[in-house]
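*Asks:* Okay, here's the structure, questions in a sec.
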Amino acid sequence: MSYDVAVIGGGVSGLAAAYALQQRGHRVALLERQVRSGGNAISEPIGGFLMEHGPSSLNAGIADARTLAHALDLDSARCELGAGVRHRYLLRDQRLHRIRAHPLGFATASYLPALARLRMLGEFMVPAKRHAAEETVSEFWSRRFGGEFAGLVIDPLVGGLFAGMAEELSMPAVFPRLLEMERRYGSISRAVLAHRRSGGRMPGRRLYSWPGGMQTLPDALGAALGDAVKLGVAIRRIRATGAGFRIEYGAGSVLARCVVLATQPHAAAALLDGLDGAGAEAAASIDAPPLATVFLGYRRDQVAHPLDGLGYLTPASEGRQLTGALFASTMFPGRAPAGHVAFSAYLGGARAPQLAQAPGEDLIAMAKAEFSDLLGISGEPVVARVRQWPRGLPQYRLGHGEKVEALRAAERNRPGLFLTGNYLNGLSVASCIASASQAAERVDAFLRDSVAESSCPGYVTAANG
Ligand SMILES: Cc1cc2nc3c(=O)[nH]c(=O)nc-3n(C[C@H](O)[C@H](O)[C@H](O)COP(=O)(O)OP(=O)(O)OC[C@H]3O[C@@H](n4cnc5c(N)ncnc54)[C@H](O)[C@@H]3O)c2cc1C
């Protein structure tokens, strides 16, 4: 048995990279340490409910993700956001405020104090940044839209989307397109209006999933890859050989011309050790604080709130334990049986990493207490389940760009080594797919360039002696 490429890690990133390479005719082995592939995309049916342990939707705005879903014949089965998703909710002064999903939604909602709304509208007049110094997400939004907007709108958004803190995250690493908009149009408001005039839709309206949940995507990738997927193979070490790499696991090793690391950053750091010290150090320094998902299902008549939105997010200043919650059964069909509703609540992340490690029953109690207070829920849930992620989402903190550059340098220094994953080019599933397709293109180019060398002795799977 010989391989052109060994992909290590069977989350969405690794599966998408392996699939793209297999489609190009390369002999691929995907090595995943767990007994299932899919990484953190886990959709669990529980008595008529469907719990998303990790991602709950995909953004249709990224072309590579659309192309992949189409190639896997998943288009016709997909489900769009439910018609009931008309608002977003934000917490202020301990009560939920309804915000319209529209660029001017914040300007017209009472959520922001009047002066903050005025300051926000003045963004048109704020000159574009001239200095090159890296800003945090919070600094950028405060500079352009005012401190209250940054604290009351961006802080909860960053807590919800990135499980992060706006004062820590790097603006160029997290929102590179917004910086580009500022450079191009001089103002974000102007850029948004230009985008809408040209027929663009708001990103929030472009979320979708499948009736069986997000796991549908990795399952379809796994099925397409067939025997190429090797489960329960935990890679311990990678050694460079003259002709490629020896990839070692407990019971043996695999030889391959190229290796694609598609693991979480801490696992990439361990595997880069011995291949590229600076790359290993850069990967090790990317923190992914613990995160917990609490799934609760209730009878509809237990819930007073209209649940007419995506869910709610909370600014850190409100001092709540949950960073927010999704109204899962409003978002997509099949998340709760008839007459019932389902919620996914999130705790931990950079805001309160220790909270995500509390005992499961405590996390359920926290979510129940907050829901009873904010959503008018009474009685016990029909279903309560917790997923704790000891390592949640990688944080793109200040200096992240240099870390990514060190990792790209590791690729250049070790021809045949490639990296992909959610700590490089975006956290979302769609960004992971885009990053994986780019990695696959680089691998493909490398293999084609080195075709003359492929007459070297075959790559074999060998038992460690
Ligand atoms: C709670 C939560 C909610 C989220 N919500 C959303 C959402 O709604 N929408 C969205 O787009 N994104 C969301 N995300 C983000 C998104 O799900 C992830 O960024 C993405 O799935 C990561 O995929 P990945 O393949 O890069 O990494 P992972 O899924 O972490 O996969 C890495 C894989 O590598 C394997 N591995 C590690 N070390 C080794 C080794 N030594 N040998 C072999 N295998 C190894 C692991 O077992 C794992 O399967 C969410 C994430 C979480 C945790």
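Each chain in the structure tokens gets a letter, A, B and so on, in the order shown; residues start at 1 in every chain, and ligands are counted from 1 in the order they appear.
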Please provide as a PyMOL selection string all residues within 9 Å of A:Val443, with the sequence filter that same-chain residues fewer than 5 positions apart are discarded (counting only C-alpha atoms).

*Replies:* chain A and resi 5+21+258-260+416-418+438+448

*Asks:* Which residues are near ligand 1 - at most 7 Å, using only C-alpha atoms and all ligand atoms? Format: as a CSV table (one decimal) with N, CA and C atoms, in the first residue's frame.

*Replies:*
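Output (pocket_10.csv):
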chain,number,residue,atom,x,y,z
A,8,ILE,N,-3.6,14.1,8.3
A,8,ILE,CA,-3.8,13.8,9.7
A,8,ILE,C,-4.8,14.6,10.3
A,9,GLY,N,-5.9,14.0,10.8
A,9,GLY,CA,-7.0,14.7,11.4
A,9,GLY,C,-8.2,14.6,10.5
A,10,GLY,N,-9.3,14.1,11.0
A,10,GLY,CA,-10.5,13.8,10.2
A,10,GLY,C,-11.7,14.7,10.6
A,11,GLY,N,-11.4,16.0,11.0
A,11,GLY,CA,-12.5,17.0,11.1
A,11,GLY,C,-12.8,17.4,9.7
A,12,VAL,N,-13.7,18.5,9.7
A,12,VAL,CA,-14.1,19.0,8.4
A,12,VAL,C,-12.9,19.4,7.5
A,13,SER,N,-11.9,20.0,8.2
A,13,SER,CA,-10.7,20.5,7.4
A,13,SER,C,-10.0,19.3,6.7
A,14,GLY,N,-9.7,18.2,7.5
A,14,GLY,CA,-8.9,17.1,7.0
A,14,GLY,C,-9.8,16.4,5.9
A,31,LEU,N,-5.9,9.9,8.4
A,31,LEU,CA,-5.7,9.2,9.7
A,31,LEU,C,-6.3,10.0,10.8
A,32,GLU,N,-7.3,9.4,11.4
A,32,GLU,CA,-8.1,10.1,12.5
A,32,GLU,C,-7.9,9.3,13.8
A,33,ARG,N,-7.6,10.0,14.9
A,33,ARG,CA,-7.4,9.3,16.1
A,33,ARG,C,-8.7,8.8,16.8
A,34,GLN,N,-9.8,9.4,16.5
A,34,GLN,CA,-11.0,9.0,17.2
A,34,GLN,C,-11.7,7.9,16.3
A,37,SER,N,-15.1,10.1,12.3
A,37,SER,CA,-14.6,11.3,11.7
A,37,SER,C,-15.6,12.4,11.9
A,38,GLY,N,-15.2,13.6,11.6
A,38,GLY,CA,-16.1,14.8,11.7
A,38,GLY,C,-15.6,15.8,12.7
A,39,GLY,N,-14.6,15.4,13.5
A,39,GLY,CA,-14.1,16.4,14.5
A,39,GLY,C,-15.2,16.9,15.4
A,40,ASN,N,-15.3,18.3,15.5
A,40,ASN,CA,-16.3,18.8,16.4
A,40,ASN,C,-17.7,19.0,15.7
A,41,ALA,N,-17.9,18.5,14.5
A,41,ALA,CA,-19.2,18.5,13.9
A,41,ALA,C,-19.9,17.2,14.3
A,53,HIS,N,-23.5,19.3,18.9
A,53,HIS,CA,-22.5,19.5,20.0
A,53,HIS,C,-21.5,20.6,19.6
A,54,GLY,N,-21.3,20.8,18.3
A,54,GLY,CA,-20.4,21.8,17.8
A,54,GLY,C,-21.1,22.8,16.9
A,55,PRO,N,-20.7,22.9,15.6
A,55,PRO,CA,-21.3,23.8,14.7
A,55,PRO,C,-22.8,23.5,14.5
A,56,SER,N,-23.6,24.6,14.3
A,56,SER,CA,-25.0,24.4,14.1
A,56,SER,C,-25.5,24.9,12.8
A,57,SER,N,-24.6,25.6,12.1
A,57,SER,CA,-25.0,26.1,10.7
A,57,SER,C,-23.8,26.4,9.9
A,58,LEU,N,-24.0,26.5,8.6
A,58,LEU,CA,-22.9,26.8,7.7
A,58,LEU,C,-23.3,28.1,7.0
A,59,ASN,N,-22.3,28.9,6.7
A,59,ASN,CA,-22.5,30.2,6.0
A,59,ASN,C,-22.4,29.9,4.5
A,233,VAL,N,-6.6,5.9,14.6
A,233,VAL,CA,-5.2,6.0,14.3
A,233,VAL,C,-4.6,7.3,14.9
A,234,ALA,N,-4.1,7.3,16.1
A,234,ALA,CA,-3.5,8.5,16.7
A,234,ALA,C,-2.1,8.7,16.3
A,235,ILE,N,-1.8,9.7,15.6
A,235,ILE,CA,-0.4,9.9,15.1
A,235,ILE,C,0.4,10.5,16.2
A,236,ARG,N,1.6,9.8,16.4
A,236,ARG,CA,2.5,10.3,17.6
A,236,ARG,C,3.6,11.1,17.1
A,262,ALA,N,-4.0,18.4,9.7
A,262,ALA,CA,-5.4,19.1,9.8
A,262,ALA,C,-6.0,18.9,11.1
A,263,THR,N,-5.1,19.1,12.1
A,263,THR,CA,-5.5,18.9,13.5
A,263,THR,C,-5.8,20.2,14.2
A,264,GLN,N,-6.1,20.2,15.5
A,264,GLN,CA,-6.2,21.4,16.3
A,264,GLN,C,-4.8,21.9,16.5
A,267,ALA,N,-2.3,19.9,18.8
A,267,ALA,CA,-1.9,18.6,18.2
A,267,ALA,C,-0.9,18.9,17.1
A,291,LEU,N,-14.8,25.2,26.2
A,291,LEU,CA,-16.1,25.7,25.8
A,291,LEU,C,-17.1,24.6,26.1
A,292,ALA,N,-18.3,25.0,26.5
A,292,ALA,CA,-19.3,24.0,26.7
A,292,ALA,C,-20.6,24.4,26.0
A,293,THR,N,-21.3,23.3,25.5
A,293,THR,CA,-22.6,23.5,24.9
A,293,THR,C,-23.6,22.8,25.8
A,389,TRP,N,-16.0,20.9,25.6
A,389,TRP,CA,-14.8,20.9,24.8
A,389,TRP,C,-13.6,21.4,25.6
A,392,GLY,N,-11.7,24.6,23.0
A,392,GLY,CA,-12.8,25.1,22.2
A,392,GLY,C,-12.3,25.7,20.9
A,393,LEU,N,-12.5,27.0,20.8
A,393,LEU,CA,-12.1,27.7,19.5
A,393,LEU,C,-10.8,28.4,19.6
A,421,GLY,N,-6.6,24.0,8.9
A,421,GLY,CA,-7.3,23.9,10.1
A,421,GLY,C,-7.9,25.2,10.5
A,422,ASN,N,-8.7,25.2,11.6
A,422,ASN,CA,-9.4,26.4,12.0
A,422,ASN,C,-8.6,27.5,12.7
A,427,LEU,N,-12.4,30.5,11.5
A,427,LEU,CA,-12.9,29.4,12.4
A,427,LEU,C,-14.1,28.7,11.9
A,428,SER,N,-14.9,29.3,11.0
A,428,SER,CA,-16.1,28.7,10.6
A,428,SER,C,-15.9,27.4,9.8
A,429,VAL,N,-16.9,26.6,9.7
A,429,VAL,CA,-16.8,25.4,8.9
A,429,VAL,C,-16.5,25.8,7.4
A,430,ALA,N,-17.2,26.8,7.0
A,430,ALA,CA,-17.0,27.2,5.6
A,430,ALA,C,-15.6,27.7,5.4
A,432,CYS,N,-13.0,26.7,7.0
A,432,CYS,CA,-12.1,25.5,7.1
A,432,CYS,C,-12.1,24.8,5.7

*Asks:* Determine the nearest neighbour of A:Thr323 from the options A:Phe245, A:Tyr298, A:Trp210, A:Phe162, counting only C-alpha atoms.

*Replies:*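 Looking only at the distances to A:Thr323, the closest residue turns out to be A:Phe162.
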
*Asks:* Which residue out of A:Leu193, A:Ala18, A:Met125, A:Ile377 has the minimum interatomic distance to A:His305 when only C-alpha atoms are used?

*Replies:*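 Of A:Leu193, A:Ala18, A:Met125, A:Ile377, the one nearest A:His305 is A:Ile377, counting only C-alpha atoms.
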
*Asks:* Tell me, as number ranges by chain, which residues lie within 12 Å of A:Tyr185, counting only C-alpha atoms; anything in the same chain fewer than 4 positions away does not count.

*Replies:* A: 123-129, 177-181, 189-195

*Asks:* May I have the residues from that selection written out with N, CA, C and O atoms, as a PDB file, in the first residue's frame?

*Replies:*
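So the final result, stored in selection35.pdb, reads:
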ATOM      1  N   GLU A 123     -20.178  57.441  11.859  1.00  0.00           N
ATOM      2  CA  GLU A 123     -19.063  56.632  11.346  1.00  0.00           C
ATOM      3  C   GLU A 123     -18.648  57.078   9.947  1.00  0.00           C
ATOM      4  O   GLU A 123     -17.484  57.005   9.571  1.00  0.00           O
ATOM      5  N   PHE A 124     -19.628  57.579   9.194  1.00  0.00           N
ATOM      6  CA  PHE A 124     -19.340  58.063   7.830  1.00  0.00           C
ATOM      7  C   PHE A 124     -18.208  59.093   7.841  1.00  0.00           C
ATOM      8  O   PHE A 124     -17.449  59.194   6.899  1.00  0.00           O
ATOM      9  N   MET A 125     -18.167  59.858   8.945  1.00  0.00           N
ATOM     10  CA  MET A 125     -17.229  60.983   8.984  1.00  0.00           C
ATOM     11  C   MET A 125     -15.870  60.630   9.605  1.00  0.00           C
ATOM     12  O   MET A 125     -14.948  61.436   9.562  1.00  0.00           O
ATOM     13  N   VAL A 126     -15.755  59.455  10.189  1.00  0.00           N
ATOM     14  CA  VAL A 126     -14.484  59.096  10.849  1.00  0.00           C
ATOM     15  C   VAL A 126     -13.449  58.779   9.769  1.00  0.00           C
ATOM     16  O   VAL A 126     -13.691  57.932   8.915  1.00  0.00           O
ATOM     17  N   PRO A 127     -12.306  59.472   9.791  1.00  0.00           N
ATOM     18  CA  PRO A 127     -11.312  59.222   8.742  1.00  0.00           C
ATOM     19  C   PRO A 127     -10.742  57.797   8.847  1.00  0.00           C
ATOM     20  O   PRO A 127     -10.687  57.228   9.935  1.00  0.00           O
ATOM     21  N   ALA A 128     -10.345  57.250   7.724  1.00  0.00           N
ATOM     22  CA  ALA A 128      -9.748  55.908   7.717  1.00  0.00           C
ATOM     23  C   ALA A 128      -8.421  55.941   8.460  1.00  0.00           C
ATOM     24  O   ALA A 128      -7.729  56.963   8.492  1.00  0.00           O
ATOM     25  N   LYS A 129      -8.073  54.798   9.053  1.00  0.00           N
ATOM     26  CA  LYS A 129      -6.827  54.705   9.836  1.00  0.00           C
ATOM     27  C   LYS A 129      -5.612  54.909   8.926  1.00  0.00           C
ATOM     28  O   LYS A 129      -5.581  54.379   7.815  1.00  0.00           O
ATOM     29  N   ARG A 177     -11.627  41.503   6.037  1.00  0.00           N
ATOM     30  CA  ARG A 177     -12.430  42.134   4.972  1.00  0.00           C
ATOM     31  C   ARG A 177     -12.951  43.501   5.391  1.00  0.00           C
ATOM     32  O   ARG A 177     -13.113  44.397   4.571  1.00  0.00           O
ATOM     33  N   LEU A 178     -13.198  43.672   6.693  1.00  0.00           N
ATOM     34  CA  LEU A 178     -13.675  44.978   7.153  1.00  0.00           C
ATOM     35  C   LEU A 178     -12.570  46.017   7.053  1.00  0.00           C
ATOM     36  O   LEU A 178     -12.817  47.175   6.719  1.00  0.00           O
ATOM     37  N   LEU A 179     -11.331  45.597   7.326  1.00  0.00           N
ATOM     38  CA  LEU A 179     -10.210  46.535   7.187  1.00  0.00           C
ATOM     39  C   LEU A 179     -10.063  46.935   5.725  1.00  0.00           C
ATOM     40  O   LEU A 179      -9.789  48.093   5.398  1.00  0.00           O
ATOM     41  N   GLU A 180     -10.273  45.971   4.855  1.00  0.00           N
ATOM     42  CA  GLU A 180     -10.190  46.239   3.422  1.00  0.00           C
ATOM     43  C   GLU A 180     -11.303  47.215   3.008  1.00  0.00           C
ATOM     44  O   GLU A 180     -11.098  48.145   2.223  1.00  0.00           O
ATOM     45  N   MET A 181     -12.504  47.014   3.595  1.00  0.00           N
ATOM     46  CA  MET A 181     -13.626  47.919   3.302  1.00  0.00           C
ATOM     47  C   MET A 181     -13.289  49.338   3.757  1.00  0.00           C
ATOM     48  O   MET A 181     -13.581  50.310   3.056  1.00  0.00           O
ATOM     49  N   SER A 189     -19.827  51.986   7.000  1.00  0.00           N
ATOM     50  CA  SER A 189     -21.227  52.249   6.645  1.00  0.00           C
ATOM     51  C   SER A 189     -21.358  52.464   5.148  1.00  0.00           C
ATOM     52  O   SER A 189     -22.272  51.932   4.508  1.00  0.00           O
ATOM     53  N   ARG A 190     -20.437  53.241   4.603  1.00  0.00           N
ATOM     54  CA  ARG A 190     -20.474  53.509   3.156  1.00  0.00           C
ATOM     55  C   ARG A 190     -20.297  52.205   2.377  1.00  0.00           C
ATOM     56  O   ARG A 190     -20.985  51.953   1.397  1.00  0.00           O
ATOM     57  N   ALA A 191     -19.382  51.361   2.846  1.00  0.00           N
ATOM     58  CA  ALA A 191     -19.130  50.090   2.163  1.00  0.00           C
ATOM     59  C   ALA A 191     -20.370  49.191   2.217  1.00  0.00           C
ATOM     60  O   ALA A 191     -20.736  48.565   1.220  1.00  0.00           O
ATOM     61  N   VAL A 192     -21.050  49.166   3.392  1.00  0.00           N
ATOM     62  CA  VAL A 192     -22.247  48.315   3.537  1.00  0.00           C
ATOM     63  C   VAL A 192     -23.351  48.813   2.604  1.00  0.00           C
ATOM     64  O   VAL A 192     -24.012  48.024   1.912  1.00  0.00           O
ATOM     65  N   LEU A 193     -23.524  50.137   2.549  1.00  0.00           N
ATOM     66  CA  LEU A 193     -24.578  50.670   1.679  1.00  0.00           C
ATOM     67  C   LEU A 193     -24.269  50.353   0.213  1.00  0.00           C
ATOM     68  O   LEU A 193     -25.163  49.962  -0.546  1.00  0.00           O
ATOM     69  N   ALA A 194     -22.991  50.482  -0.160  1.00  0.00           N
ATOM     70  CA  ALA A 194     -22.602  50.176  -1.552  1.00  0.00           C
ATOM     71  C   ALA A 194     -22.888  48.702  -1.845  1.00  0.00           C
ATOM     72  O   ALA A 194     -23.394  48.351  -2.916  1.00  0.00           O
ATOM     73  N   HIS A 195     -22.605  47.845  -0.847  1.00  0.00           N
ATOM     74  CA  HIS A 195     -22.813  46.400  -1.007  1.00  0.00           C
ATOM     75  C   HIS A 195     -24.298  46.110  -1.209  1.00  0.00           C
ATOM     76  O   HIS A 195     -24.688  45.342  -2.077  1.00  0.00           O
TER      77      HIS A 195
END

*Asks:* Where does stretch 20-125 of chain A meet stretch 142-157 of chain A within 12 Å, residue by residue, with the nearest atom pair and distance in Å to one decimal for each, counting only C-alpha atoms, listed by chain and rising number, as a Markdown table?

*Replies:*
| residue | atom | partner | partner_atom | distance |
| --- | --- | --- | --- | --- |
| A:Arg88 | CA | A:Leu157 | CA | 10.8 |
| A:Tyr89 | CA | A:Pro156 | CA | 10.5 |
| A:Leu90 | CA | A:Pro156 | CA | 7.8 |
| A:Leu91 | CA | A:Leu152 | CA | 8.6 |
| A:Arg92 | CA | A:Leu152 | CA | 7.8 |
| A:Asp93 | CA | A:Leu152 | CA | 10.8 |
| A:His97 | CA | A:Leu152 | CA | 11.4 |
| A:Ile99 | CA | A:Val153 | CA | 10.6 |
| A:Gly105 | CA | A:Val153 | CA | 11.4 |
| A:Phe106 | CA | A:Val153 | CA | 8.7 |
| A:Ala107 | CA | A:Phe149 | CA | 10.4 |
| A:Ala109 | CA | A:Val153 | CA | 11.9 |
| A:Tyr111 | CA | A:Leu152 | CA | 8.6 |
| A:Leu112 | CA | A:Phe149 | CA | 7.4 |
| A:Pro113 | CA | A:Glu148 | CA | 8.4 |
| A:Ala114 | CA | A:Glu148 | CA | 10.7 |
| A:Leu115 | CA | A:Glu148 | CA | 9.2 |
| A:Ala116 | CA | A:Glu148 | CA | 6.0 |
| A:Arg117 | CA | A:Phe149 | CA | 8.0 |
| A:Leu118 | CA | A:Phe145 | CA | 9.4 |
| A:Arg119 | CA | A:Gly146 | CA | 6.1 |
| A:Met120 | CA | A:Phe145 | CA | 4.6 |
| A:Leu121 | CA | A:Phe145 | CA | 7.6 |
| A:Gly122 | CA | A:Phe145 | CA | 7.4 |
| A:Glu123 | CA | A:Phe145 | CA | 5.5 |
| A:Phe124 | CA | A:Arg144 | CA | 8.6 |
| A:Met125 | CA | A:Arg144 | CA | 9.0 |

*Asks:* Deliver the residues from the most recent selection as a file, using N, CA and C atoms, as a PDB file, in the first residue's frame.

*Replies:*
ATOM      1  N   ARG A  88     -32.541  39.279  15.937  1.00  0.00           N
ATOM      2  CA  ARG A  88     -31.489  38.828  16.841  1.00  0.00           C
ATOM      3  C   ARG A  88     -31.803  39.494  18.170  1.00  0.00           C
ATOM      4  N   TYR A  89     -31.413  38.857  19.261  1.00  0.00           N
ATOM      5  CA  TYR A  89     -31.639  39.464  20.567  1.00  0.00           C
ATOM      6  C   TYR A  89     -30.308  39.722  21.260  1.00  0.00           C
ATOM      7  N   LEU A  90     -30.239  40.860  21.940  1.00  0.00           N
ATOM      8  CA  LEU A  90     -29.065  41.186  22.757  1.00  0.00           C
ATOM      9  C   LEU A  90     -29.543  41.557  24.154  1.00  0.00           C
ATOM     10  N   LEU A  91     -28.705  41.232  25.126  1.00  0.00           N
ATOM     11  CA  LEU A  91     -29.083  41.488  26.523  1.00  0.00           C
ATOM     12  C   LEU A  91     -28.487  42.815  26.983  1.00  0.00           C
ATOM     13  N   ARG A  92     -29.342  43.662  27.539  1.00  0.00           N
ATOM     14  CA  ARG A  92     -28.825  44.872  28.201  1.00  0.00           C
ATOM     15  C   ARG A  92     -29.723  45.218  29.366  1.00  0.00           C
ATOM     16  N   ASP A  93     -29.107  45.620  30.467  1.00  0.00           N
ATOM     17  CA  ASP A  93     -29.855  45.900  31.697  1.00  0.00           C
ATOM     18  C   ASP A  93     -30.730  44.700  32.061  1.00  0.00           C
ATOM     19  N   HIS A  97     -33.246  42.580  24.194  1.00  0.00           N
ATOM     20  CA  HIS A  97     -33.704  43.602  23.254  1.00  0.00           C
ATOM     21  C   HIS A  97     -33.711  42.995  21.863  1.00  0.00           C
ATOM     22  N   ILE A  99     -33.402  43.077  17.919  1.00  0.00           N
ATOM     23  CA  ILE A  99     -32.699  43.881  16.909  1.00  0.00           C
ATOM     24  C   ILE A  99     -33.086  43.347  15.536  1.00  0.00           C
ATOM     25  N   GLY A 105     -30.351  48.312  11.717  1.00  0.00           N
ATOM     26  CA  GLY A 105     -31.087  47.735  12.846  1.00  0.00           C
ATOM     27  C   GLY A 105     -30.697  48.372  14.172  1.00  0.00           C
ATOM     28  N   PHE A 106     -29.405  48.580  14.387  1.00  0.00           N
ATOM     29  CA  PHE A 106     -28.947  49.142  15.665  1.00  0.00           C
ATOM     30  C   PHE A 106     -29.259  50.626  15.775  1.00  0.00           C
ATOM     31  N   ALA A 107     -29.288  51.296  14.602  1.00  0.00           N
ATOM     32  CA  ALA A 107     -29.547  52.733  14.634  1.00  0.00           C
ATOM     33  C   ALA A 107     -30.986  52.999  15.051  1.00  0.00           C
ATOM     34  N   ALA A 109     -32.974  50.628  16.840  1.00  0.00           N
ATOM     35  CA  ALA A 109     -33.427  49.901  18.046  1.00  0.00           C
ATOM     36  C   ALA A 109     -33.074  50.681  19.308  1.00  0.00           C
ATOM     37  N   TYR A 111     -31.949  49.478  21.877  1.00  0.00           N
ATOM     38  CA  TYR A 111     -30.884  48.748  22.600  1.00  0.00           C
ATOM     39  C   TYR A 111     -29.723  49.669  22.964  1.00  0.00           C
ATOM     40  N   LEU A 112     -29.306  50.506  21.992  1.00  0.00           N
ATOM     41  CA  LEU A 112     -28.192  51.428  22.263  1.00  0.00           C
ATOM     42  C   LEU A 112     -28.741  52.755  22.773  1.00  0.00           C
ATOM     43  N   PRO A 113     -28.064  53.382  23.763  1.00  0.00           N
ATOM     44  CA  PRO A 113     -28.483  54.711  24.199  1.00  0.00           C
ATOM     45  C   PRO A 113     -28.452  55.696  23.021  1.00  0.00           C
ATOM     46  N   ALA A 114     -29.298  56.740  23.082  1.00  0.00           N
ATOM     47  CA  ALA A 114     -29.445  57.672  21.962  1.00  0.00           C
ATOM     48  C   ALA A 114     -28.104  58.251  21.503  1.00  0.00           C
ATOM     49  N   LEU A 115     -27.253  58.634  22.463  1.00  0.00           N
ATOM     50  CA  LEU A 115     -25.970  59.245  22.088  1.00  0.00           C
ATOM     51  C   LEU A 115     -25.081  58.245  21.355  1.00  0.00           C
ATOM     52  N   ALA A 116     -25.157  56.987  21.800  1.00  0.00           N
ATOM     53  CA  ALA A 116     -24.352  55.942  21.151  1.00  0.00           C
ATOM     54  C   ALA A 116     -24.826  55.739  19.720  1.00  0.00           C
ATOM     55  N   ARG A 117     -26.159  55.857  19.504  1.00  0.00           N
ATOM     56  CA  ARG A 117     -26.698  55.696  18.152  1.00  0.00           C
ATOM     57  C   ARG A 117     -26.251  56.833  17.251  1.00  0.00           C
ATOM     58  N   LEU A 118     -26.205  58.022  17.836  1.00  0.00           N
ATOM     59  CA  LEU A 118     -25.762  59.199  17.077  1.00  0.00           C
ATOM     60  C   LEU A 118     -24.298  59.050  16.679  1.00  0.00           C
ATOM     61  N   ARG A 119     -23.510  58.594  17.644  1.00  0.00           N
ATOM     62  CA  ARG A 119     -22.074  58.395  17.398  1.00  0.00           C
ATOM     63  C   ARG A 119     -21.868  57.345  16.306  1.00  0.00           C
ATOM     64  N   MET A 120     -22.720  56.321  16.371  1.00  0.00           N
ATOM     65  CA  MET A 120     -22.629  55.249  15.410  1.00  0.00           C
ATOM     66  C   MET A 120     -22.901  55.774  13.988  1.00  0.00           C
ATOM     67  N   LEU A 121     -23.920  56.619  13.863  1.00  0.00           N
ATOM     68  CA  LEU A 121     -24.265  57.161  12.546  1.00  0.00           C
ATOM     69  C   LEU A 121     -23.168  58.082  12.021  1.00  0.00           C
ATOM     70  N   GLY A 122     -22.374  58.629  12.960  1.00  0.00           N
ATOM     71  CA  GLY A 122     -21.264  59.508  12.566  1.00  0.00           C
ATOM     72  C   GLY A 122     -20.094  58.749  11.975  1.00  0.00           C
ATOM     73  N   GLU A 123     -20.178  57.441  11.859  1.00  0.00           N
ATOM     74  CA  GLU A 123     -19.063  56.632  11.346  1.00  0.00           C
ATOM     75  C   GLU A 123     -18.648  57.078   9.947  1.00  0.00           C
ATOM     76  N   PHE A 124     -19.628  57.579   9.194  1.00  0.00           N
ATOM     77  CA  PHE A 124     -19.340  58.063   7.830  1.00  0.00           C
ATOM     78  C   PHE A 124     -18.208  59.093   7.841  1.00  0.00           C
ATOM     79  N   MET A 125     -18.167  59.858   8.945  1.00  0.00           N
ATOM     80  CA  MET A 125     -17.229  60.983   8.984  1.00  0.00           C
ATOM     81  C   MET A 125     -15.870  60.630   9.605  1.00  0.00           C
TER      82      MET A 125
END

*Asks:* Using only C-alpha atoms, which residue out of A:Ile62, A:Ala220, A:Leu272, A:Ala445 lies closest to A:His26?

*Replies:*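 Smallest distance to A:His26 is found for A:Ala445.
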
*Asks:* Out of stretch 110-355 of chain A, which residues get strand (DSSP E or B) from DSSP, as a VMD selection string?

*Replies:* chain A and resid 136 169 to 170 207 to 209 229 to 231 235 to 241 244 to 249 252 to 261 291 to 299 303 309 to 313 322 to 326 340 to 348

*Asks:* Please determine, counting only C-alpha atoms, which residue among A:Leu30, A:Ala316, A:Ala325, A:Leu217 has the shortest atom-to-atom distance to A:His70.

*Replies:*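 Once distances to A:His70 are computed over only C-alpha atoms, the minimum belongs to A:Leu217.
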